[in-house]
$ cat start_10.cif   # mmCIF, C-alpha atoms and all ligand atoms
data_run
#
loop_
_atom_site.label_atom_id
_atom_site.label_comp_id
_atom_site.auth_asym_id
_atom_site.auth_seq_id
_atom_site.Cartn_x
_atom_site.Cartn_y
_atom_site.Cartn_z
CA MET A 19 -128.52 -20.62 -39.59
CA SER A 20 -129.14 -16.98 -38.73
CA GLY A 21 -126.83 -14.16 -39.76
CA HIS A 22 -126.62 -11.48 -42.39
CA SER A 23 -124.41 -13.23 -44.92
CA PRO A 24 -126.00 -15.61 -47.42
CA GLU A 25 -122.55 -17.11 -47.99
CA GLY A 26 -122.14 -17.74 -44.26
CA PRO A 27 -123.00 -21.45 -44.17
CA ALA A 28 -120.72 -22.25 -47.14
CA LEU A 29 -117.88 -20.23 -45.62
CA LEU A 30 -118.34 -21.94 -42.28
CA ALA A 31 -118.24 -25.35 -43.97
CA LEU A 32 -114.99 -24.31 -45.65
CA LEU A 33 -113.59 -23.14 -42.31
CA LEU A 34 -114.52 -26.44 -40.69
CA SER A 35 -112.66 -28.32 -43.43
CA ARG A 36 -109.24 -26.79 -42.72
CA GLN A 37 -106.54 -29.09 -41.58
CA SER A 38 -102.79 -28.95 -41.60
CA VAL A 39 -100.89 -30.45 -44.52
CA GLY A 40 -97.21 -31.31 -44.08
CA ILE A 41 -94.42 -30.19 -46.38
CA LYS A 42 -94.09 -33.46 -48.24
CA HIS A 43 -97.64 -33.02 -49.51
CA LEU A 44 -97.17 -29.42 -50.69
CA ALA A 45 -96.27 -28.38 -54.24
CA GLU A 46 -95.98 -25.22 -56.31
CA PRO A 47 -97.53 -22.77 -56.59
CA GLY A 48 -97.57 -21.05 -53.24
CA PRO A 49 -99.31 -17.76 -52.56
CA ASP A 50 -98.01 -14.73 -54.47
CA ALA A 51 -97.20 -11.34 -52.96
CA ALA A 52 -100.79 -10.05 -53.15
CA GLN A 53 -102.14 -13.23 -51.58
CA LEU A 54 -99.54 -13.04 -48.81
CA ARG A 55 -100.73 -9.52 -48.06
CA LEU A 56 -104.32 -10.79 -47.83
CA MET A 57 -103.16 -13.49 -45.44
CA ALA A 58 -101.48 -10.82 -43.31
CA ASP A 59 -104.69 -8.75 -43.41
CA ALA A 60 -106.57 -11.81 -42.14
CA ALA A 61 -103.98 -12.27 -39.37
CA LEU A 62 -104.52 -8.66 -38.35
CA ARG A 63 -108.21 -9.45 -37.74
CA ALA A 64 -107.25 -11.47 -34.67
CA PRO A 65 -108.53 -10.03 -31.38
CA ASP A 66 -105.76 -7.77 -30.16
CA HIS A 67 -106.13 -6.19 -26.71
CA GLY A 68 -104.61 -2.72 -26.85
CA GLY A 69 -103.82 -3.03 -30.56
CA LEU A 70 -100.28 -4.11 -29.72
CA VAL A 71 -99.83 -6.33 -32.80
CA PRO A 72 -97.60 -8.71 -30.82
CA PHE A 73 -96.45 -10.61 -33.89
CA ARG A 74 -94.88 -10.22 -37.29
CA PHE A 75 -94.24 -12.50 -40.23
CA ALA A 76 -91.04 -12.83 -42.26
CA VAL A 77 -91.34 -14.54 -45.65
CA VAL A 78 -88.35 -16.70 -46.53
CA GLN A 79 -87.86 -16.43 -50.27
CA GLY A 80 -85.20 -16.28 -52.97
CA ALA A 81 -81.64 -16.67 -51.75
CA ALA A 82 -82.87 -16.56 -48.15
CA ARG A 83 -84.14 -20.12 -48.58
CA GLU A 84 -80.54 -21.34 -48.85
CA ARG A 85 -79.62 -19.40 -45.73
CA LEU A 86 -82.47 -21.09 -43.89
CA ALA A 87 -81.23 -24.47 -45.13
CA THR A 88 -77.74 -23.68 -43.82
CA LEU A 89 -79.20 -22.71 -40.43
CA PHE A 90 -81.30 -25.89 -40.25
CA ALA A 91 -78.24 -27.99 -41.06
CA GLN A 92 -76.21 -26.22 -38.38
CA ALA A 93 -78.96 -26.76 -35.80
CA ALA A 94 -79.17 -30.44 -36.80
CA ARG A 95 -75.41 -30.95 -36.38
CA ASP A 96 -75.44 -29.17 -33.03
CA ALA A 97 -78.28 -31.47 -31.95
CA GLY A 98 -76.05 -34.46 -32.68
CA LYS A 99 -77.36 -35.46 -36.10
CA ASP A 100 -74.93 -36.90 -38.67
CA GLU A 101 -74.32 -35.34 -42.10
CA ALA A 102 -77.19 -37.31 -43.67
CA GLY A 103 -79.54 -36.00 -40.99
CA ALA A 104 -78.27 -32.45 -41.44
CA ALA A 105 -78.76 -32.71 -45.21
CA LEU A 106 -82.32 -33.92 -44.69
CA ASP A 107 -83.13 -30.99 -42.44
CA ALA A 108 -81.53 -28.59 -44.94
CA GLU A 109 -83.67 -30.06 -47.70
CA ARG A 110 -86.80 -29.74 -45.54
CA ALA A 111 -86.09 -26.03 -45.14
CA GLN A 112 -86.50 -25.52 -48.87
CA ARG A 113 -89.25 -27.97 -49.71
CA ALA A 114 -92.35 -25.82 -49.20
CA PRO A 115 -93.15 -23.28 -51.92
CA VAL A 116 -93.50 -20.55 -49.30
CA THR A 117 -92.13 -20.47 -45.76
CA ILE A 118 -93.23 -17.77 -43.36
CA ALA A 119 -91.47 -17.24 -40.06
CA VAL A 120 -93.82 -16.41 -37.18
CA ILE A 121 -92.20 -14.00 -34.75
CA ALA A 122 -93.61 -12.88 -31.40
CA ARG A 123 -92.92 -9.33 -30.30
CA LEU A 124 -94.42 -9.12 -26.86
CA ASP A 125 -94.60 -6.16 -24.55
CA THR A 126 -93.74 -7.98 -21.33
CA GLY A 127 -94.20 -4.92 -19.16
CA HIS A 128 -97.49 -3.65 -20.51
CA PRO A 129 -99.65 -2.25 -17.69
CA GLN A 130 -103.00 -3.49 -19.10
CA VAL A 131 -102.28 -6.38 -21.41
CA PRO A 132 -100.58 -9.37 -19.79
CA VAL A 133 -98.31 -11.58 -21.84
CA HIS A 134 -100.81 -14.46 -22.06
CA GLU A 135 -103.28 -12.16 -23.83
CA GLN A 136 -100.60 -11.24 -26.35
CA TRP A 137 -99.86 -14.93 -26.99
CA ALA A 138 -103.60 -15.45 -27.48
CA CYS A 139 -103.54 -12.72 -30.11
CA LEU A 140 -100.59 -14.33 -31.86
CA GLY A 141 -102.41 -17.67 -31.90
CA GLY A 142 -105.45 -16.02 -33.43
CA ALA A 143 -103.29 -14.30 -36.03
CA LEU A 144 -101.58 -17.55 -36.97
CA THR A 145 -104.93 -19.32 -37.26
CA ASN A 146 -106.42 -16.56 -39.39
CA LEU A 147 -103.37 -16.69 -41.66
CA LEU A 148 -103.76 -20.46 -42.10
CA ASN A 149 -107.50 -20.10 -42.67
CA ALA A 150 -106.96 -17.40 -45.29
CA ALA A 151 -104.50 -19.67 -47.10
CA HIS A 152 -107.06 -22.48 -46.97
CA PHE A 153 -109.77 -20.21 -48.37
CA MET A 154 -107.46 -19.38 -51.30
CA GLY A 155 -106.95 -23.06 -52.09
CA TYR A 156 -103.59 -23.48 -50.39
CA ALA A 157 -102.68 -25.67 -47.48
CA GLY A 158 -99.93 -25.58 -44.93
CA LYS A 159 -98.66 -26.40 -41.51
CA MET A 160 -97.13 -24.59 -38.57
CA LEU A 161 -93.80 -26.16 -37.67
CA SER A 162 -91.20 -25.55 -35.02
CA GLY A 163 -89.12 -28.39 -33.56
CA ASN A 164 -86.07 -28.09 -31.32
CA LYS A 165 -84.23 -26.09 -33.96
CA VAL A 166 -86.47 -23.11 -33.30
CA ARG A 167 -84.70 -22.68 -29.96
CA HIS A 168 -81.20 -22.86 -31.46
CA PRO A 169 -79.48 -19.55 -30.61
CA ALA A 170 -78.21 -18.95 -34.16
CA VAL A 171 -81.69 -19.59 -35.57
CA GLN A 172 -83.35 -17.25 -33.05
CA GLN A 173 -80.73 -14.60 -33.70
CA ALA A 174 -81.13 -14.85 -37.46
CA PHE A 175 -84.85 -14.06 -37.32
CA CYS A 176 -85.33 -11.89 -34.25
CA ARG A 177 -84.77 -8.29 -33.39
CA ALA A 178 -84.22 -7.28 -29.78
CA GLY A 179 -86.91 -8.66 -27.47
CA GLU A 180 -88.50 -10.89 -30.10
CA THR A 181 -89.05 -14.66 -30.08
CA LEU A 182 -89.13 -16.90 -33.12
CA VAL A 183 -92.16 -19.20 -32.75
CA GLY A 184 -91.64 -21.30 -35.87
CA TRP A 185 -92.45 -21.39 -39.56
CA VAL A 186 -95.61 -21.82 -41.56
CA ALA A 187 -95.02 -23.93 -44.67
CA ILE A 188 -97.55 -23.17 -47.40
CA GLY A 189 -98.21 -24.48 -50.88
CA THR A 190 -100.74 -26.28 -53.03
CA PRO A 191 -101.86 -29.58 -51.48
CA VAL A 192 -100.99 -32.47 -53.79
CA ARG A 193 -103.23 -34.93 -52.00
CA SER A 194 -105.53 -35.06 -49.04
CA PRO A 195 -103.90 -35.79 -45.72
CA GLN A 196 -104.24 -39.45 -44.83
CA ARG A 197 -105.92 -38.99 -41.52
CA GLY A 198 -109.44 -37.69 -41.29
CA LEU A 199 -110.73 -34.59 -39.57
CA ASP A 200 -110.47 -36.36 -36.25
CA LYS A 201 -111.03 -33.51 -33.86
CA PRO A 202 -112.52 -33.68 -30.39
CA ARG A 203 -116.26 -33.09 -30.24
CA ALA A 204 -117.65 -29.64 -29.47
CA ALA A 205 -119.21 -31.06 -26.30
CA ASP A 206 -115.68 -31.76 -25.02
CA VAL A 207 -114.87 -28.06 -24.94
CA LEU A 208 -118.27 -26.40 -24.67
CA GLY A 209 -120.33 -26.56 -21.51
CA ASP A 210 -122.23 -24.42 -19.06
CA TRP A 211 -120.34 -22.68 -16.32
CA GLU A 212 -121.09 -24.26 -12.99
CA PRO A 213 -120.50 -21.60 -10.35
CA PRO A 214 -118.87 -22.88 -7.16
CA ALA A 215 -121.14 -23.08 -4.15
CA ALA A 216 -121.46 -19.67 -2.52
C1 LIG B 1 -96.58 -23.01 -32.53
C2 LIG B 1 -96.82 -24.37 -33.11
C3 LIG B 1 -95.73 -25.17 -33.43
C4 LIG B 1 -95.93 -26.43 -33.98
N1 LIG B 1 -94.84 -27.22 -34.30
C5 LIG B 1 -95.04 -28.42 -34.87
C6 LIG B 1 -93.92 -29.23 -35.26
O1 LIG B 1 -92.77 -28.86 -35.12
N2 LIG B 1 -94.18 -30.44 -35.82
C7 LIG B 1 -95.47 -30.90 -36.01
O2 LIG B 1 -95.65 -32.00 -36.54
N3 LIG B 1 -96.54 -30.15 -35.67
C8 LIG B 1 -96.35 -28.93 -35.11
N4 LIG B 1 -97.43 -28.16 -34.76
C9 LIG B 1 -98.79 -28.71 -34.97
C10 LIG B 1 -99.24 -28.61 -36.41
O3 LIG B 1 -99.03 -27.33 -36.93
C11 LIG B 1 -100.75 -28.95 -36.55
O4 LIG B 1 -101.53 -28.00 -35.89
C12 LIG B 1 -101.07 -30.32 -36.01
O5 LIG B 1 -100.40 -31.28 -36.81
C13 LIG B 1 -102.58 -30.61 -36.01
O6 LIG B 1 -103.08 -30.50 -37.29
P1 LIG B 1 -104.40 -29.65 -37.58
O7 LIG B 1 -103.95 -28.21 -37.63
O8 LIG B 1 -104.90 -30.17 -38.87
O9 LIG B 1 -105.35 -29.91 -36.46
C14 LIG B 1 -97.26 -26.90 -34.22
C15 LIG B 1 -98.34 -26.07 -33.92
C16 LIG B 1 -98.14 -24.82 -33.37
C17 LIG B 1 -99.34 -23.96 -33.06
#
$ encode --input "start_10.cif" --output "structure tokens"
Amino acid sequence: MSGHSPEGPALLALLLSRQSVGIKHLAEPGPDAAQLRLMADAALRAPDHGGLVPFRFAVVQGAARERLATLFAQAARDAGKDEAGAALDAERAQRAPVTIAVIARLDTGHPQVPVHEQWACLGGALTNLLNAAHFMGYAGKMLSGNKVRHPAVQQAFCRAGETLVGWVAIGTPVRSPQRGLDKPRAADVLGDWEPPAA
């Protein structure tokens, strides 16, 4: 492999080993404050047309975890779940060592940067955040579900004009995910451009 970094191949192998790990396979510890800042720094390395930073992250910690549980239970009841279902969703809200809300703050009227480019930036930021966590020995998963669209949930996380995308659950993986790294092959997404006939 060419490139200026002797660590490059090892880092690339580590990058290629990332996969999502669900909350039931996450345990303490989660990232501390300094590590969360590093993860945010990594997110800020995402390509960002116009430097708009069309995202922000809100860490759910301390007493806020109980508030999130209450919101999840409310959303579950409003979706028709019984009390057992609501209790399960409330418990899920508090299971991961660290929960980070992912919030989009898009400039929908920007003259140069259309909204889809801002979503692309947010996706890159989210991926970099997950990769940084992986590089530090943590694992996690981006989660949303119908509850993310519940008005009280959106309102609880968003300022004017913002959209709650979901939550990243992060912690220490307690065991490998059961499925393998079953991704499509590179050839499925990488090919030569075939220009249309002139
Ligand atoms: C914005 C967003 C929301 C998601 N919401 C959910 C979800 O609610 N439940 C779920 O099982 N996976 C959800 N996923 C997918 C997982 O985070 C994960 O990417 C998927 O399970 C594939 O695993 P992998 O990252 O190891 O390829 C979401 C992904 C994104 C980008």
$ closest_residue --input "start_10.cif" --among "A:Arg85, A:Gly179, A:Ala97, A:Leu140" --to "Gly127 (chain A)" --atoms "all atoms listed in the file"
A:Gly179
$ residues_near_ligand --input "start_10.cif" --ligand "ligand LIG 1 (chain B)" --cutoff "8 Å" --atoms "all atoms listed in the file" --output "short mmCIF file (atom, residue, chain, number, x, y, z; two decimals) with C-alpha atoms, keeping the file's coordinate frame"
data_model
loop_
_atom_site.label_atom_id
_atom_site.label_comp_id
_atom_site.auth_asym_id
_atom_site.auth_seq_id
_atom_site.Cartn_x
_atom_site.Cartn_y
_atom_site.Cartn_z
CA ARG A 36 -109.24 -26.79 -42.72
CA GLN A 37 -106.54 -29.09 -41.58
CA SER A 38 -102.79 -28.95 -41.60
CA VAL A 39 -100.89 -30.45 -44.52
CA GLY A 40 -97.21 -31.31 -44.08
CA GLY A 141 -102.41 -17.67 -31.90
CA LEU A 144 -101.58 -17.55 -36.97
CA LYS A 159 -98.66 -26.40 -41.51
CA MET A 160 -97.13 -24.59 -38.57
CA LEU A 161 -93.80 -26.16 -37.67
CA SER A 162 -91.20 -25.55 -35.02
CA GLY A 163 -89.12 -28.39 -33.56
CA ASN A 164 -86.07 -28.09 -31.32
CA VAL A 183 -92.16 -19.20 -32.75
CA GLY A 184 -91.64 -21.30 -35.87
CA TRP A 185 -92.45 -21.39 -39.56
CA VAL A 186 -95.61 -21.82 -41.56
CA LEU A 199 -110.73 -34.59 -39.57
CA LYS A 201 -111.03 -33.51 -33.86
#
$ atom_distance --input "start_10.cif" --atom1 "CA of Ala114 (chain A)" --atom2 "CA of Ala178 (chain A)"
28.1 Å
$ atom_distance --input "start_10.cif" --atom1 "CA of Leu56 (chain A)" --atom2 "CA of Gly68 (chain A)"
22.5 Å
$ atom_distance --input "start_10.cif" --atom1 "CA of Leu182 (chain A)" --atom2 "CA of His128 (chain A)"
20.1 Å
$ closest_atom_pairs --input "start_10.cif" --of "region 55-140 of chain A" --to "region 151-155 of chain A" --cutoff "12 Å" --atoms "only C-alpha atoms" --output "JSON lines"
{"residue": "A:Arg55", "atom": "CA", "partner": "A:Ala151", "partner_atom": "CA", "distance": 10.9}
{"residue": "A:Leu56", "atom": "CA", "partner": "A:Ala151", "partner_atom": "CA", "distance": 8.9}
{"residue": "A:Met57", "atom": "CA", "partner": "A:Ala151", "partner_atom": "CA", "distance": 6.5}
{"residue": "A:Ala58", "atom": "CA", "partner": "A:Ala151", "partner_atom": "CA", "distance": 10.1}
{"residue": "A:Asp59", "atom": "CA", "partner": "A:Ala151", "partner_atom": "CA", "distance": 11.5}
{"residue": "A:Ala60", "atom": "CA", "partner": "A:Ala151", "partner_atom": "CA", "distance": 9.5}
{"residue": "A:Ala61", "atom": "CA", "partner": "A:Ala151", "partner_atom": "CA", "distance": 10.7}
{"residue": "A:Val116", "atom": "CA", "partner": "A:Ala151", "partner_atom": "CA", "distance": 11.3}
$ closest_residue --input "start_10.cif" --among "A:Pro72, A:Arg193, A:Thr145, A:Ala51" --to "Leu33 (chain A)" --atoms "all atoms listed in the file"
A:Thr145
$ residues_around --input "start_10.cif" --residues "Lys165 (chain A)" --least-positions-apart "2" --cutoff "7 Å" --atoms "only C-alpha atoms" --output "JSON list (two decimals) with C-alpha atoms, keeping the file's coordinate frame"
[["chain", "number", "residue", "atom", "x", "y", "z"],
["A", 90, "PHE", "CA", -81.30, -25.89, -40.25],
["A", 93, "ALA", "CA", -78.96, -26.76, -35.80],
["A", 163, "GLY", "CA", -89.12, -28.39, -33.56],
["A", 167, "ARG", "CA", -84.70, -22.68, -29.96],
["A", 168, "HIS", "CA", -81.20, -22.86, -31.46]]
$ closest_residue --input "start_10.cif" --among "A:His43, A:His67, A:Ala87, A:Gln173" --to "Ala111 (chain A)" --atoms "only C-alpha atoms"
A:Ala87
$ residues_near_point --input "start_10.cif" --point "(-88.5, -15.7, -37.9)" --cutoff "12 Å" --atoms "all atoms listed in the file" --output "number ranges by chain"
A: 73-78, 82, 86, 89, 117-123, 161-162, 165-167, 170-177, 180-186
$ closest_residue --input "start_10.cif" --among "A:Gly158, A:Pro202, A:Pro169, A:Pro24" --to "Ile41 (chain A)" --atoms "only C-alpha atoms"
A:Gly158
$ closest_residue --input "start_10.cif" --among "A:Ala64, A:Gly26, A:Gln53, A:Ala45" --to "Asn146 (chain A)" --atoms "all atoms listed in the file"
A:Ala64
$ residues_around --input "start_10.cif" --residues "Gln112 (chain A)" --least-positions-apart "3" --cutoff "8 Å" --atoms "only C-alpha atoms" --output "JSON, numbers by chain"
{"A": [83, 84, 86, 87, 108, 109, 115]}
$ write_last_selection --input "start_10.cif" --atoms "C-alpha atoms" --output "PDB file, in the frame of the given file"
ATOM      1  CA  ARG A  83     -84.140 -20.120 -48.580  1.00  0.00           C
ATOM      2  CA  GLU A  84     -80.540 -21.340 -48.850  1.00  0.00           C
ATOM      3  CA  LEU A  86     -82.470 -21.090 -43.890  1.00  0.00           C
ATOM      4  CA  ALA A  87     -81.230 -24.470 -45.130  1.00  0.00           C
ATOM      5  CA  ALA A 108     -81.530 -28.590 -44.940  1.00  0.00           C
ATOM      6  CA  GLU A 109     -83.670 -30.060 -47.700  1.00  0.00           C
ATOM      7  CA  PRO A 115     -93.150 -23.280 -51.920  1.00  0.00           C
TER       8      PRO A 115
END
$ build_atoms --input "start_10.cif" --residues "region 60-89 of chain A" --atoms "N, CA and C atoms" --output "PDB file, in the frame of the given file"
ATOM      1  N   ALA A  60    -105.747 -10.887 -42.928  1.00  0.00           N
ATOM      2  CA  ALA A  60    -106.570 -11.810 -42.140  1.00  0.00           C
ATOM      3  C   ALA A  60    -105.969 -11.984 -40.745  1.00  0.00           C
ATOM      4  N   ALA A  61    -104.654 -12.122 -40.676  1.00  0.00           N
ATOM      5  CA  ALA A  61    -103.980 -12.270 -39.370  1.00  0.00           C
ATOM      6  C   ALA A  61    -104.270 -11.051 -38.483  1.00  0.00           C
ATOM      7  N   LEU A  62    -104.300  -9.893 -39.109  1.00  0.00           N
ATOM      8  CA  LEU A  62    -104.520  -8.660 -38.350  1.00  0.00           C
ATOM      9  C   LEU A  62    -105.958  -8.512 -37.850  1.00  0.00           C
ATOM     10  N   ARG A  63    -106.840  -9.426 -38.250  1.00  0.00           N
ATOM     11  CA  ARG A  63    -108.210  -9.450 -37.740  1.00  0.00           C
ATOM     12  C   ARG A  63    -108.307 -10.195 -36.413  1.00  0.00           C
ATOM     13  N   ALA A  64    -107.227 -10.764 -35.952  1.00  0.00           N
ATOM     14  CA  ALA A  64    -107.250 -11.470 -34.670  1.00  0.00           C
ATOM     15  C   ALA A  64    -107.550 -10.485 -33.545  1.00  0.00           C
ATOM     16  N   PRO A  65    -108.286 -10.922 -32.517  1.00  0.00           N
ATOM     17  CA  PRO A  65    -108.530 -10.030 -31.380  1.00  0.00           C
ATOM     18  C   PRO A  65    -107.206  -9.612 -30.749  1.00  0.00           C
ATOM     19  N   ASP A  66    -107.061  -8.320 -30.558  1.00  0.00           N
ATOM     20  CA  ASP A  66    -105.760  -7.770 -30.160  1.00  0.00           C
ATOM     21  C   ASP A  66    -105.977  -6.705 -29.094  1.00  0.00           C
ATOM     22  N   HIS A  67    -105.913  -7.120 -27.828  1.00  0.00           N
ATOM     23  CA  HIS A  67    -106.130  -6.190 -26.710  1.00  0.00           C
ATOM     24  C   HIS A  67    -105.065  -5.090 -26.743  1.00  0.00           C
ATOM     25  N   GLY A  68    -105.536  -3.847 -26.832  1.00  0.00           N
ATOM     26  CA  GLY A  68    -104.610  -2.720 -26.850  1.00  0.00           C
ATOM     27  C   GLY A  68    -104.007  -2.446 -28.213  1.00  0.00           C
ATOM     28  N   GLY A  69    -104.369  -3.243 -29.214  1.00  0.00           N
ATOM     29  CA  GLY A  69    -103.820  -3.030 -30.560  1.00  0.00           C
ATOM     30  C   GLY A  69    -102.309  -3.109 -30.588  1.00  0.00           C
ATOM     31  N   LEU A  70    -101.746  -4.042 -29.847  1.00  0.00           N
ATOM     32  CA  LEU A  70    -100.280  -4.110 -29.720  1.00  0.00           C
ATOM     33  C   LEU A  70     -99.608  -4.792 -30.904  1.00  0.00           C
ATOM     34  N   VAL A  71    -100.385  -5.537 -31.679  1.00  0.00           N
ATOM     35  CA  VAL A  71     -99.830  -6.330 -32.800  1.00  0.00           C
ATOM     36  C   VAL A  71     -98.562  -7.075 -32.318  1.00  0.00           C
ATOM     37  N   PRO A  72     -98.763  -8.052 -31.443  1.00  0.00           N
ATOM     38  CA  PRO A  72     -97.600  -8.710 -30.820  1.00  0.00           C
ATOM     39  C   PRO A  72     -96.993  -9.812 -31.689  1.00  0.00           C
ATOM     40  N   PHE A  73     -97.006  -9.611 -32.982  1.00  0.00           N
ATOM     41  CA  PHE A  73     -96.450 -10.610 -33.890  1.00  0.00           C
ATOM     42  C   PHE A  73     -96.025  -9.922 -35.179  1.00  0.00           C
ATOM     43  N   ARG A  74     -95.160 -10.608 -35.909  1.00  0.00           N
ATOM     44  CA  ARG A  74     -94.880 -10.220 -37.290  1.00  0.00           C
ATOM     45  C   ARG A  74     -94.488 -11.480 -38.050  1.00  0.00           C
ATOM     46  N   PHE A  75     -94.553 -11.368 -39.375  1.00  0.00           N
ATOM     47  CA  PHE A  75     -94.240 -12.500 -40.230  1.00  0.00           C
ATOM     48  C   PHE A  75     -93.076 -12.131 -41.145  1.00  0.00           C
ATOM     49  N   ALA A  76     -92.175 -13.064 -41.353  1.00  0.00           N
ATOM     50  CA  ALA A  76     -91.040 -12.830 -42.260  1.00  0.00           C
ATOM     51  C   ALA A  76     -91.044 -13.945 -43.313  1.00  0.00           C
ATOM     52  N   VAL A  77     -91.267 -13.559 -44.562  1.00  0.00           N
ATOM     53  CA  VAL A  77     -91.340 -14.540 -45.650  1.00  0.00           C
ATOM     54  C   VAL A  77     -89.914 -14.914 -46.079  1.00  0.00           C
ATOM     55  N   VAL A  78     -89.673 -16.210 -46.118  1.00  0.00           N
ATOM     56  CA  VAL A  78     -88.350 -16.700 -46.530  1.00  0.00           C
ATOM     57  C   VAL A  78     -88.428 -16.997 -48.016  1.00  0.00           C
ATOM     58  N   GLN A  79     -87.780 -16.188 -48.828  1.00  0.00           N
ATOM     59  CA  GLN A  79     -87.860 -16.430 -50.270  1.00  0.00           C
ATOM     60  C   GLN A  79     -86.548 -16.090 -50.950  1.00  0.00           C
ATOM     61  N   GLY A  80     -86.419 -16.529 -52.200  1.00  0.00           N
ATOM     62  CA  GLY A  80     -85.200 -16.280 -52.970  1.00  0.00           C
ATOM     63  C   GLY A  80     -83.988 -16.916 -52.312  1.00  0.00           C
ATOM     64  N   ALA A  81     -82.897 -16.152 -52.302  1.00  0.00           N
ATOM     65  CA  ALA A  81     -81.640 -16.670 -51.750  1.00  0.00           C
ATOM     66  C   ALA A  81     -81.743 -16.968 -50.255  1.00  0.00           C
ATOM     67  N   ALA A  82     -82.700 -16.333 -49.600  1.00  0.00           N
ATOM     68  CA  ALA A  82     -82.870 -16.560 -48.150  1.00  0.00           C
ATOM     69  C   ALA A  82     -83.221 -18.004 -47.847  1.00  0.00           C
ATOM     70  N   ARG A  83     -83.807 -18.706 -48.813  1.00  0.00           N
ATOM     71  CA  ARG A  83     -84.140 -20.120 -48.580  1.00  0.00           C
ATOM     72  C   ARG A  83     -82.883 -20.941 -48.324  1.00  0.00           C
ATOM     73  N   GLU A  84     -81.810 -20.614 -49.066  1.00  0.00           N
ATOM     74  CA  GLU A  84     -80.540 -21.340 -48.850  1.00  0.00           C
ATOM     75  C   GLU A  84     -79.954 -21.016 -47.484  1.00  0.00           C
ATOM     76  N   ARG A  85     -80.109 -19.773 -47.061  1.00  0.00           N
ATOM     77  CA  ARG A  85     -79.620 -19.400 -45.730  1.00  0.00           C
ATOM     78  C   ARG A  85     -80.379 -20.168 -44.652  1.00  0.00           C
ATOM     79  N   LEU A  86     -81.674 -20.324 -44.854  1.00  0.00           N
ATOM     80  CA  LEU A  86     -82.470 -21.090 -43.890  1.00  0.00           C
ATOM     81  C   LEU A  86     -82.001 -22.545 -43.871  1.00  0.00           C
ATOM     82  N   ALA A  87     -81.720 -23.082 -45.057  1.00  0.00           N
ATOM     83  CA  ALA A  87     -81.230 -24.470 -45.130  1.00  0.00           C
ATOM     84  C   ALA A  87     -79.915 -24.613 -44.372  1.00  0.00           C
ATOM     85  N   THR A  88     -79.026 -23.644 -44.523  1.00  0.00           N
ATOM     86  CA  THR A  88     -77.740 -23.680 -43.820  1.00  0.00           C
ATOM     87  C   THR A  88     -77.961 -23.648 -42.302  1.00  0.00           C
ATOM     88  N   LEU A  89     -78.891 -22.806 -41.871  1.00  0.00           N
ATOM     89  CA  LEU A  89     -79.200 -22.710 -40.430  1.00  0.00           C
ATOM     90  C   LEU A  89     -79.782 -24.019 -39.902  1.00  0.00           C
TER      91      LEU A  89
END
